[in-house]
file upload10.txt (compact mmCIF, C-alpha atoms)
# COMPACT_ATOMS: atom_id res chain seq x y z
CA MET R 1376 -23.44 1.09 22.26
CA GLU R 1377 -24.47 -2.23 20.77
CA ASN R 1378 -22.97 -5.34 22.39
CA MET R 1379 -20.41 -6.65 19.90
CA ASP R 1380 -19.34 -9.84 21.66
CA ILE R 1381 -21.07 -12.18 19.20
CA TYR R 1382 -19.45 -10.37 16.25
CA PHE R 1383 -15.95 -10.25 17.74
CA SER R 1384 -16.27 -13.95 18.59
CA GLY R 1385 -16.54 -14.68 14.87
CA LYS R 1386 -19.90 -16.41 15.26
CA LYS R 1387 -21.81 -13.71 13.38
CA LEU R 1388 -20.84 -11.26 10.62
CA TYR R 1389 -21.46 -7.64 11.55
CA GLY R 1390 -23.54 -5.83 8.94
CA ASP R 1391 -24.75 -8.87 7.00
CA ASP R 1392 -28.27 -8.60 8.41
CA PHE R 1393 -28.57 -4.80 8.35
CA THR R 1394 -31.76 -3.04 7.28
CA ILE R 1395 -31.67 -1.08 4.02
CA GLU R 1396 -31.46 2.17 6.00
CA GLN R 1397 -28.40 0.90 7.89
CA ILE R 1398 -26.83 -0.31 4.64
CA GLU R 1399 -27.35 3.09 2.99
CA GLN R 1400 -25.59 4.83 5.86
CA TRP R 1401 -22.72 2.34 5.67
CA TYR R 1402 -22.31 3.02 1.93
CA LEU R 1403 -22.25 6.76 2.51
CA ASP R 1404 -19.48 6.31 5.08
CA GLU R 1405 -17.44 4.09 2.71
CA LYS R 1406 -18.11 5.79 -0.65
CA GLU R 1407 -14.82 7.70 -0.75
CA GLY R 1408 -13.13 5.79 2.06
CA TYR R 1409 -10.50 3.95 0.05
CA SER R 1410 -9.93 6.75 -2.46
CA SER R 1411 -9.35 9.17 0.43
CA LEU R 1412 -6.70 6.88 1.90
CA VAL R 1413 -4.97 6.68 -1.49
CA GLU R 1414 -5.01 10.47 -1.86
CA LYS R 1415 -3.28 10.89 1.50
CA LYS R 1416 -0.26 8.91 0.28
CA THR R 1417 2.61 10.85 -1.27
CA SER R 1418 2.92 8.13 -3.93
CA TYR R 1419 0.75 5.19 -4.89
CA THR R 1420 1.90 1.70 -5.82
CA TYR R 1421 -0.29 -1.34 -6.27
CA SER R 1422 1.31 -3.76 -3.83
CA TYR R 1423 -0.20 -7.18 -4.56
CA HIS R 1424 1.00 -8.18 -8.05
CA ARG R 1425 3.17 -11.09 -6.95
CA SER R 1426 0.64 -12.44 -4.45
CA ASN R 1427 -2.10 -12.29 -7.11
CA GLN R 1428 0.09 -14.34 -9.41
CA TYR R 1429 1.03 -16.84 -6.70
CA TYR R 1430 -2.42 -17.34 -5.19
CA GLY R 1431 -4.67 -16.60 -8.15
CA PHE R 1432 -3.57 -15.83 -11.69
CA LYS R 1433 -1.45 -18.94 -12.20
CA TYR R 1434 -4.69 -20.94 -12.14
CA LEU R 1435 -5.95 -18.89 -15.10
CA LYS R 1436 -3.00 -19.68 -17.35
CA GLY R 1437 -4.10 -20.38 -20.93
CA GLN R 1438 -7.59 -18.95 -20.34
CA HIS R 1439 -9.09 -16.12 -22.41
CA PHE R 1440 -11.89 -13.95 -21.07
CA LYS R 1441 -14.42 -12.13 -23.25
CA SER R 1442 -15.75 -10.06 -20.37
CA ALA R 1443 -14.25 -9.50 -16.92
CA LEU R 1444 -15.72 -7.78 -13.88
CA GLY R 1445 -13.61 -6.05 -11.27
CA PHE R 1446 -15.76 -5.63 -8.18
CA GLY R 1447 -14.36 -2.67 -6.24
CA SER R 1448 -11.21 -2.66 -8.39
CA ALA R 1449 -10.51 1.11 -8.17
CA TYR R 1450 -7.77 1.79 -10.77
CA GLY R 1451 -7.99 -1.77 -12.07
CA ASP R 1452 -4.34 -2.40 -11.24
CA GLU R 1453 -4.79 -6.10 -10.54
CA PHE R 1454 -5.58 -6.75 -14.21
CA LYS R 1455 -2.20 -5.57 -15.53
CA PRO R 1456 -0.50 -9.03 -15.51
CA ILE R 1457 -3.39 -10.66 -17.39
CA ALA R 1458 -4.51 -7.75 -19.58
CA SER R 1459 -3.71 -9.67 -22.78
CA GLN R 1460 -6.21 -12.35 -21.72
CA ILE R 1461 -9.19 -9.95 -21.40
CA ASP R 1462 -11.31 -8.40 -24.19
CA LYS R 1463 -13.62 -6.16 -22.13
CA LEU R 1464 -13.56 -4.94 -18.55
CA THR R 1465 -16.28 -3.60 -16.26
CA ILE R 1466 -15.43 -2.11 -12.88
CA ILE R 1467 -17.91 -1.53 -10.09
CA ASP R 1468 -16.66 1.11 -7.68
CA PRO R 1469 -18.46 3.72 -5.56
CA SER R 1470 -15.88 6.46 -6.18
CA ASP R 1471 -15.81 8.60 -9.33
CA ARG R 1472 -12.12 9.36 -8.80
CA PHE R 1473 -10.86 6.21 -10.52
CA LYS R 1474 -12.79 6.39 -13.80
CA LYS R 1475 -11.00 5.62 -17.07
CA THR R 1476 -12.14 4.41 -20.50
CA THR R 1477 -9.25 1.96 -20.90
CA ILE R 1478 -7.12 0.10 -18.39
CA HIS R 1479 -3.89 -1.54 -19.52
CA GLY R 1480 -5.28 -1.43 -23.05
CA ILE R 1481 -8.60 -3.03 -22.14
CA PRO R 1482 -11.82 -1.09 -22.99
CA THR R 1483 -13.38 -0.35 -19.62
CA ASP R 1484 -16.74 0.74 -18.22
CA TYR R 1485 -17.19 2.05 -14.68
CA ILE R 1486 -20.47 1.49 -12.85
CA GLN R 1487 -21.67 2.60 -9.41
CA PRO R 1488 -22.79 -0.17 -7.04
CA ASN R 1489 -26.33 -0.50 -5.70
CA THR R 1490 -26.60 -0.22 -1.95
CA ASN R 1491 -28.86 -3.29 -1.82
CA GLY R 1492 -26.01 -5.38 -3.20
CA LEU R 1493 -27.80 -6.37 -6.41
CA LEU R 1494 -25.83 -6.13 -9.67
CA ASP R 1495 -27.37 -4.63 -12.81
CA PHE R 1496 -26.26 -7.44 -15.10
CA GLU R 1497 -27.88 -10.44 -16.72
CA ASP R 1498 -27.12 -13.93 -15.46
CA ASN R 1499 -23.85 -15.36 -16.80
CA SER R 1500 -22.49 -11.96 -17.92
CA PHE R 1501 -18.80 -12.39 -17.04
CA ASP R 1502 -16.35 -15.24 -17.44
CA LEU R 1503 -13.89 -13.71 -14.94
CA ILE R 1504 -14.63 -11.81 -11.74
CA THR R 1505 -12.11 -10.37 -9.31
CA CYS R 1506 -13.00 -9.12 -5.85
CA LEU R 1507 -9.75 -8.50 -4.00
CA GLY R 1508 -10.00 -6.93 -0.57
CA VAL R 1509 -13.43 -5.40 -1.16
CA LEU R 1510 -16.14 -7.39 0.61
CA HIS R 1511 -14.90 -6.38 4.05
CA HIS R 1512 -15.80 -2.78 3.13
CA ILE R 1513 -19.48 -3.61 2.60
CA PRO R 1514 -22.22 -4.74 5.01
CA ASN R 1515 -24.34 -7.21 2.99
CA VAL R 1516 -21.62 -9.71 2.09
CA THR R 1517 -23.92 -12.69 1.53
CA THR R 1518 -26.07 -10.83 -1.01
CA VAL R 1519 -23.06 -9.60 -2.96
CA VAL R 1520 -21.39 -13.04 -3.10
CA GLN R 1521 -24.64 -14.54 -4.35
CA GLU R 1522 -24.81 -11.85 -7.03
CA LEU R 1523 -21.22 -12.45 -8.10
CA HIS R 1524 -22.08 -16.13 -8.54
CA ARG R 1525 -25.21 -15.30 -10.53
CA CYS R 1526 -23.31 -13.01 -12.91
CA LEU R 1527 -20.49 -15.49 -13.53
CA THR R 1528 -20.74 -17.73 -16.57
CA ASP R 1529 -20.86 -21.49 -16.17
CA GLY R 1530 -17.25 -22.61 -16.14
CA GLY R 1531 -16.06 -19.08 -15.33
CA PHE R 1532 -13.60 -18.10 -12.58
CA ALA R 1533 -13.80 -15.75 -9.60
CA LEU R 1534 -10.83 -14.62 -7.52
CA ILE R 1535 -11.72 -13.39 -4.05
CA ARG R 1536 -9.34 -12.29 -1.30
CA GLU R 1537 -10.49 -11.00 2.08
CA PRO R 1538 -9.16 -10.45 5.60
CA ILE R 1539 -10.40 -13.08 8.05
CA VAL R 1540 -9.50 -11.08 11.15
CA SER R 1541 -11.54 -8.29 12.73
CA MET R 1542 -8.98 -5.58 11.83
CA GLY R 1543 -9.36 -4.18 15.32
CA ASP R 1544 -12.40 -2.65 16.97
CA TRP R 1545 -14.35 -0.99 14.15
CA ARG R 1546 -16.48 0.99 16.61
CA TYR R 1547 -13.54 3.40 16.94
CA GLN R 1548 -11.20 5.25 14.59
CA ARG R 1549 -8.30 3.09 13.38
CA GLY R 1550 -5.17 4.24 11.59
CA ASN R 1551 -4.96 3.67 7.80
CA LEU R 1552 -8.37 2.01 7.71
CA THR R 1553 -11.74 3.27 6.54
CA LYS R 1554 -14.52 3.86 9.05
CA ARG R 1555 -16.53 0.72 8.39
CA GLU R 1556 -14.18 -1.99 7.14
CA ARG R 1557 -13.99 -5.19 9.14
CA GLY R 1558 -12.78 -8.66 8.28
CA ILE R 1559 -14.99 -11.68 7.62
CA PRO R 1560 -14.71 -14.70 9.96
CA TYR R 1561 -13.26 -17.68 8.10
CA ASP R 1562 -16.00 -20.21 8.88
CA ILE R 1563 -18.76 -17.73 7.94
CA PHE R 1564 -16.99 -16.69 4.76
CA ARG R 1565 -16.44 -20.24 3.55
CA GLU R 1566 -20.09 -21.08 4.23
CA ILE R 1567 -21.27 -18.01 2.28
CA ILE R 1568 -19.12 -18.99 -0.70
CA GLN R 1569 -20.22 -22.61 -0.77
CA SER R 1570 -23.90 -21.93 -0.13
CA SER R 1571 -23.85 -19.41 -3.02
CA GLY R 1572 -22.97 -22.26 -5.39
CA PHE R 1573 -19.26 -21.66 -5.98
CA GLU R 1574 -16.85 -24.56 -6.33
CA ILE R 1575 -13.57 -23.96 -4.49
CA VAL R 1576 -10.66 -24.58 -6.87
CA LYS R 1577 -8.02 -23.39 -4.42
CA GLU R 1578 -8.11 -21.98 -0.90
CA SER R 1579 -4.95 -20.30 0.39
CA PHE R 1580 -4.31 -18.70 3.75
CA CYS R 1581 -2.11 -15.64 3.28
CA MET R 1582 -0.76 -12.33 4.54
CA CYS R 1583 0.83 -13.02 7.89
CA PRO R 1584 1.51 -9.61 9.47
CA LEU R 1585 5.10 -10.63 10.27
CA ILE R 1586 6.02 -10.78 6.60
CA ALA R 1587 4.49 -7.42 5.70
CA ARG R 1588 6.18 -5.82 8.71
CA LEU R 1589 9.60 -7.27 7.83
CA TRP R 1590 9.44 -6.04 4.23
CA GLY R 1591 8.10 -2.71 5.45
CA LYS R 1592 11.29 -2.17 7.45
CA MET R 1593 13.12 -2.38 4.12
CA ASN R 1594 10.65 0.07 2.56
CA ARG R 1595 9.43 -2.65 0.21
CA TYR R 1596 6.13 -4.37 -0.47
CA ALA R 1597 6.18 -8.02 0.58
CA TYR R 1598 3.45 -9.02 -1.86
CA ASN R 1599 5.25 -7.54 -4.85
CA SER R 1600 8.22 -9.72 -3.94
CA HIS R 1601 8.77 -13.32 -5.08
CA ILE R 1602 10.59 -14.17 -1.86
CA GLY R 1603 8.19 -12.28 0.40
CA THR R 1604 5.14 -13.94 -1.14
CA TRP R 1605 6.74 -17.40 -1.00
CA LEU R 1606 7.75 -17.00 2.65
CA ASP R 1607 4.27 -15.71 3.44
CA ALA R 1608 2.71 -18.80 1.85
CA GLN R 1609 4.90 -21.18 3.85
CA LEU R 1610 4.34 -19.41 7.16
CA CYS R 1611 0.59 -19.08 6.63
CA TYR R 1612 0.34 -22.75 5.77
CA LEU R 1613 1.99 -23.64 9.08
CA LEU R 1614 -0.23 -21.23 11.02
CA LYS R 1615 -3.53 -21.94 9.27
CA TRP R 1616 -4.84 -23.68 12.40
CA ASN R 1617 -5.01 -20.26 14.09
CA LYS R 1618 -8.34 -18.87 12.92
CA ARG R 1619 -9.08 -16.56 15.84
CA TYR R 1620 -11.14 -13.68 14.47
CA HIS R 1621 -10.44 -10.95 17.03
CA PRO R 1622 -6.93 -11.51 18.42
CA GLN R 1623 -6.23 -9.88 21.75
CA ASN R 1624 -2.44 -10.13 22.07
CA THR R 1625 0.73 -10.41 20.01
CA ILE R 1626 0.82 -14.22 19.98
CA GLN R 1627 -2.76 -14.44 18.77
CA LYS R 1628 -1.93 -12.00 15.95
CA ILE R 1629 0.77 -14.24 14.47
CA LYS R 1630 -1.54 -15.91 11.99
CA PRO R 1631 -2.79 -15.66 8.42
CA ALA R 1632 -4.72 -12.40 8.20
CA SER R 1633 -6.45 -13.18 4.89
CA ILE R 1634 -7.82 -15.94 2.70
CA TYR R 1635 -7.47 -16.12 -1.09
CA TYR R 1636 -10.02 -18.12 -3.09
CA VAL R 1637 -9.89 -19.29 -6.67
CA LEU R 1638 -13.52 -20.19 -7.39
CA SER R 1639 -15.41 -21.56 -10.34
CA LYS R 1640 -19.04 -21.88 -11.31
CA PRO R 1641 -19.79 -25.50 -12.19
CA THR R 1642 -21.03 -26.12 -15.71
CA HIS R 1643 -24.55 -27.50 -15.66
CA PRO R 1644 -25.18 -30.49 -17.95
CA SER R 1645 -27.46 -29.69 -20.90

call {"tool": "encode", "arguments": {"input": "upload10.txt", "output": "C-alpha cells"}}
result
Amino acid sequence: MENMDIYFSGKKLYGDDFTIEQIEQWYLDEKEGYSSLVEKKTSYTYSYHRSNQYYGFKYLKGQHFKSALGFGSAYGDEFKPIASQIDKLTIIDPSDRFKKTTIHGIPTDYIQPNTNGLLDFEDNSFDLITCLGVLHHIPNVTTVVQELHRCLTDGGFALIREPIVSMGDWRYQRGNLTKRERGIPYDIFREIIQSSGFEIVKESFCMCPLIARLWGKMNRYAYNSHIGTWLDAQLCYLLKWNKRYHPQNTIQKIKPASIYYVLSKPTHPS
C-alpha cells in the first residue's frame, strides 16, 4: 500500500496530482456516495442553516444575484435562506437522485460534473457560487477551485467550507463517511484559494467536534442553533492555532475541524 506519511502530515494533498485514470476511478467511487448516506437515514434534515448565516450569508446582505452556482449542492438546501436574492440557479452534482426543476422557488438546472474538473461554462457566468463541504470529496481540488474562480463574475462572491482535518485514515472503511472523502490541509487550501486569484473577504475556523457532540446528545443539530453556532465560533477562534491535519489522540482532536471562506473575485479596472 502506498506510503501516506507525506499526506497525513498535511504537507501534500492526496489526490490533487492524480492521473486522469485515477481521477475517473475516484469519481466512480464517489458518484452516489453522499446520496447513499442520505438514503440510509430514516429522516433527512439540512443541518447547517445557522452556520451558513453566521459564517457566510450575512456578508451577502443587500446583494442580488442573477445567476448562482451550487457546486455539489445536492438538494440545494443551503439556498433556502437567500432564495429571494437569486434569479436562476445551476447545480452541479454527480447524482441523478437530487434533480428538480425549481428549488425554493428558483428555476434550477442540474448538470453532471466532468471528471477532469473543468466546468462547461463561459468565463464570468455566475455572480454567486457556493461550495459547502464538497471539495474534500473530489481528487483534483486545485483544478476545481481555479475553475470556480474563472466562472465567477468580477465582483462576485464564493462561499466555500471544507474540513481541514484528515477525517481519519481514508485507506480503510470509516463510519458515516464516503469511501474517498478526506479533508484538505489548511495551509495547502489557503494557498490554492489565493493562487487561483480569489480575494479572501472573511476566513472563519469552525465546527469543533465538541460542540457537535454536545448538541448531538440532545438530539439536535448544533449548526442549526443560534447558541450552538455562536459557541462554536468562540471556541474555534480560541483553538485556531491547532492546525494539525491528522490528529492522533483526543487532545489533538479538540480543534476547529473546518474552515469557512467568504471569497470575492476582484473587479479589474477597465

call {"tool": "residues_around", "arguments": {"input": "upload10.txt", "residues": "R:Trp1605", "least_positions_apart": "5", "cutoff": "12 Å", "atoms": "only C-alpha atoms", "output": "ChimeraX atom specification"}}
result
/R:1425-1430,1581-1583,1586,1597-1600,1610-1612

call {"tool": "residues_around", "arguments": {"input": "upload10.txt", "residues": "R:Pro1514", "least_positions_apart": "6", "cutoff": "7 Å", "atoms": "only C-alpha atoms", "output": "ChimeraX atom specification"}}
result
/R:1390-1391,1398

call {"tool": "residues_around", "arguments": {"input": "upload10.txt", "residues": "R:Val1576", "least_positions_apart": "4", "cutoff": "8 Å", "atoms": "all atoms listed in the file", "output": "PyMOL selection string"}}
result
chain R and resi 1636-1639

call {"tool": "residues_around", "arguments": {"input": "upload10.txt", "residues": "R:Asp1392", "least_positions_apart": "3", "cutoff": "10 Å", "atoms": "all atoms listed in the file", "output": "list of chain:residue names"}}
result
R:Lys1387, R:Leu1388, R:Tyr1389, R:Ile1395, R:Gln1397, R:Ile1398, R:Pro1514, R:Asn1515, R:Val1516, R:Thr1517, R:Thr1518

call {"tool": "closest_residue", "arguments": {"input": "upload10.txt", "among": "R:Tyr1620, R:Tyr1450, R:Phe1440, R:Phe1501", "to": "R:Ile1539", "atoms": "only C-alpha atoms"}}
result
R:Tyr1620

call {"tool": "residues_around", "arguments": {"input": "upload10.txt", "residues": "stretch 1465-1482 of chain R", "least_positions_apart": "5", "cutoff": "9 Å", "atoms": "all atoms listed in the file", "output": "PDB file with C-alpha atoms, keeping the file's coordinate frame"}}
result
ATOM      1  CA  TYR R1402     -22.310   3.020   1.930  1.00  0.00           C
ATOM      2  CA  GLU R1405     -17.440   4.090   2.710  1.00  0.00           C
ATOM      3  CA  LYS R1406     -18.110   5.790  -0.650  1.00  0.00           C
ATOM      4  CA  GLU R1407     -14.820   7.700  -0.750  1.00  0.00           C
ATOM      5  CA  GLY R1408     -13.130   5.790   2.060  1.00  0.00           C
ATOM      6  CA  TYR R1409     -10.500   3.950   0.050  1.00  0.00           C
ATOM      7  CA  SER R1410      -9.930   6.750  -2.460  1.00  0.00           C
ATOM      8  CA  SER R1442     -15.750 -10.060 -20.370  1.00  0.00           C
ATOM      9  CA  ALA R1443     -14.250  -9.500 -16.920  1.00  0.00           C
ATOM     10  CA  LEU R1444     -15.720  -7.780 -13.880  1.00  0.00           C
ATOM     11  CA  GLY R1445     -13.610  -6.050 -11.270  1.00  0.00           C
ATOM     12  CA  PHE R1446     -15.760  -5.630  -8.180  1.00  0.00           C
ATOM     13  CA  GLY R1447     -14.360  -2.670  -6.240  1.00  0.00           C
ATOM     14  CA  SER R1448     -11.210  -2.660  -8.390  1.00  0.00           C
ATOM     15  CA  ALA R1449     -10.510   1.110  -8.170  1.00  0.00           C
ATOM     16  CA  TYR R1450      -7.770   1.790 -10.770  1.00  0.00           C
ATOM     17  CA  GLY R1451      -7.990  -1.770 -12.070  1.00  0.00           C
ATOM     18  CA  ASP R1452      -4.340  -2.400 -11.240  1.00  0.00           C
ATOM     19  CA  PHE R1454      -5.580  -6.750 -14.210  1.00  0.00           C
ATOM     20  CA  LYS R1455      -2.200  -5.570 -15.530  1.00  0.00           C
ATOM     21  CA  ALA R1458      -4.510  -7.750 -19.580  1.00  0.00           C
ATOM     22  CA  SER R1459      -3.710  -9.670 -22.780  1.00  0.00           C
ATOM     23  CA  GLN R1487     -21.670   2.600  -9.410  1.00  0.00           C
ATOM     24  CA  PRO R1488     -22.790  -0.170  -7.040  1.00  0.00           C
ATOM     25  CA  ASN R1489     -26.330  -0.500  -5.700  1.00  0.00           C
TER      26      ASN R1489
END

call {"tool": "closest_residue", "arguments": {"input": "upload10.txt", "among": "R:His1439, R:Arg1619, R:Lys1433, R:Arg1536", "to": "R:Ser1633", "atoms": "only C-alpha atoms"}}
result
R:Arg1536

call {"tool": "axis_aligned_box", "arguments": {"input": "upload10.txt", "around": "stretch 1538-1554 of chain R", "padding_each_side": "5 Å", "output": "lines of an AutoDock Vina configuration file"}}
result
center_x = -10.7
center_y = -3.9
center_z = 11.3
size_x = 21.5
size_y = 28.3
size_z = 21.4

call {"tool": "closest_residue", "arguments": {"input": "upload10.txt", "among": "R:His1524, R:Arg1557, R:Lys1463, R:His1512", "to": "R:Gly1572", "atoms": "all atoms listed in the file"}}
result
R:His1524

call {"tool": "atom_distance", "arguments": {"input": "upload10.txt", "atom1": "atom CA of R:Glu1453", "atom2": "atom CA of R:Thr1604"}}
result
15.8 Å
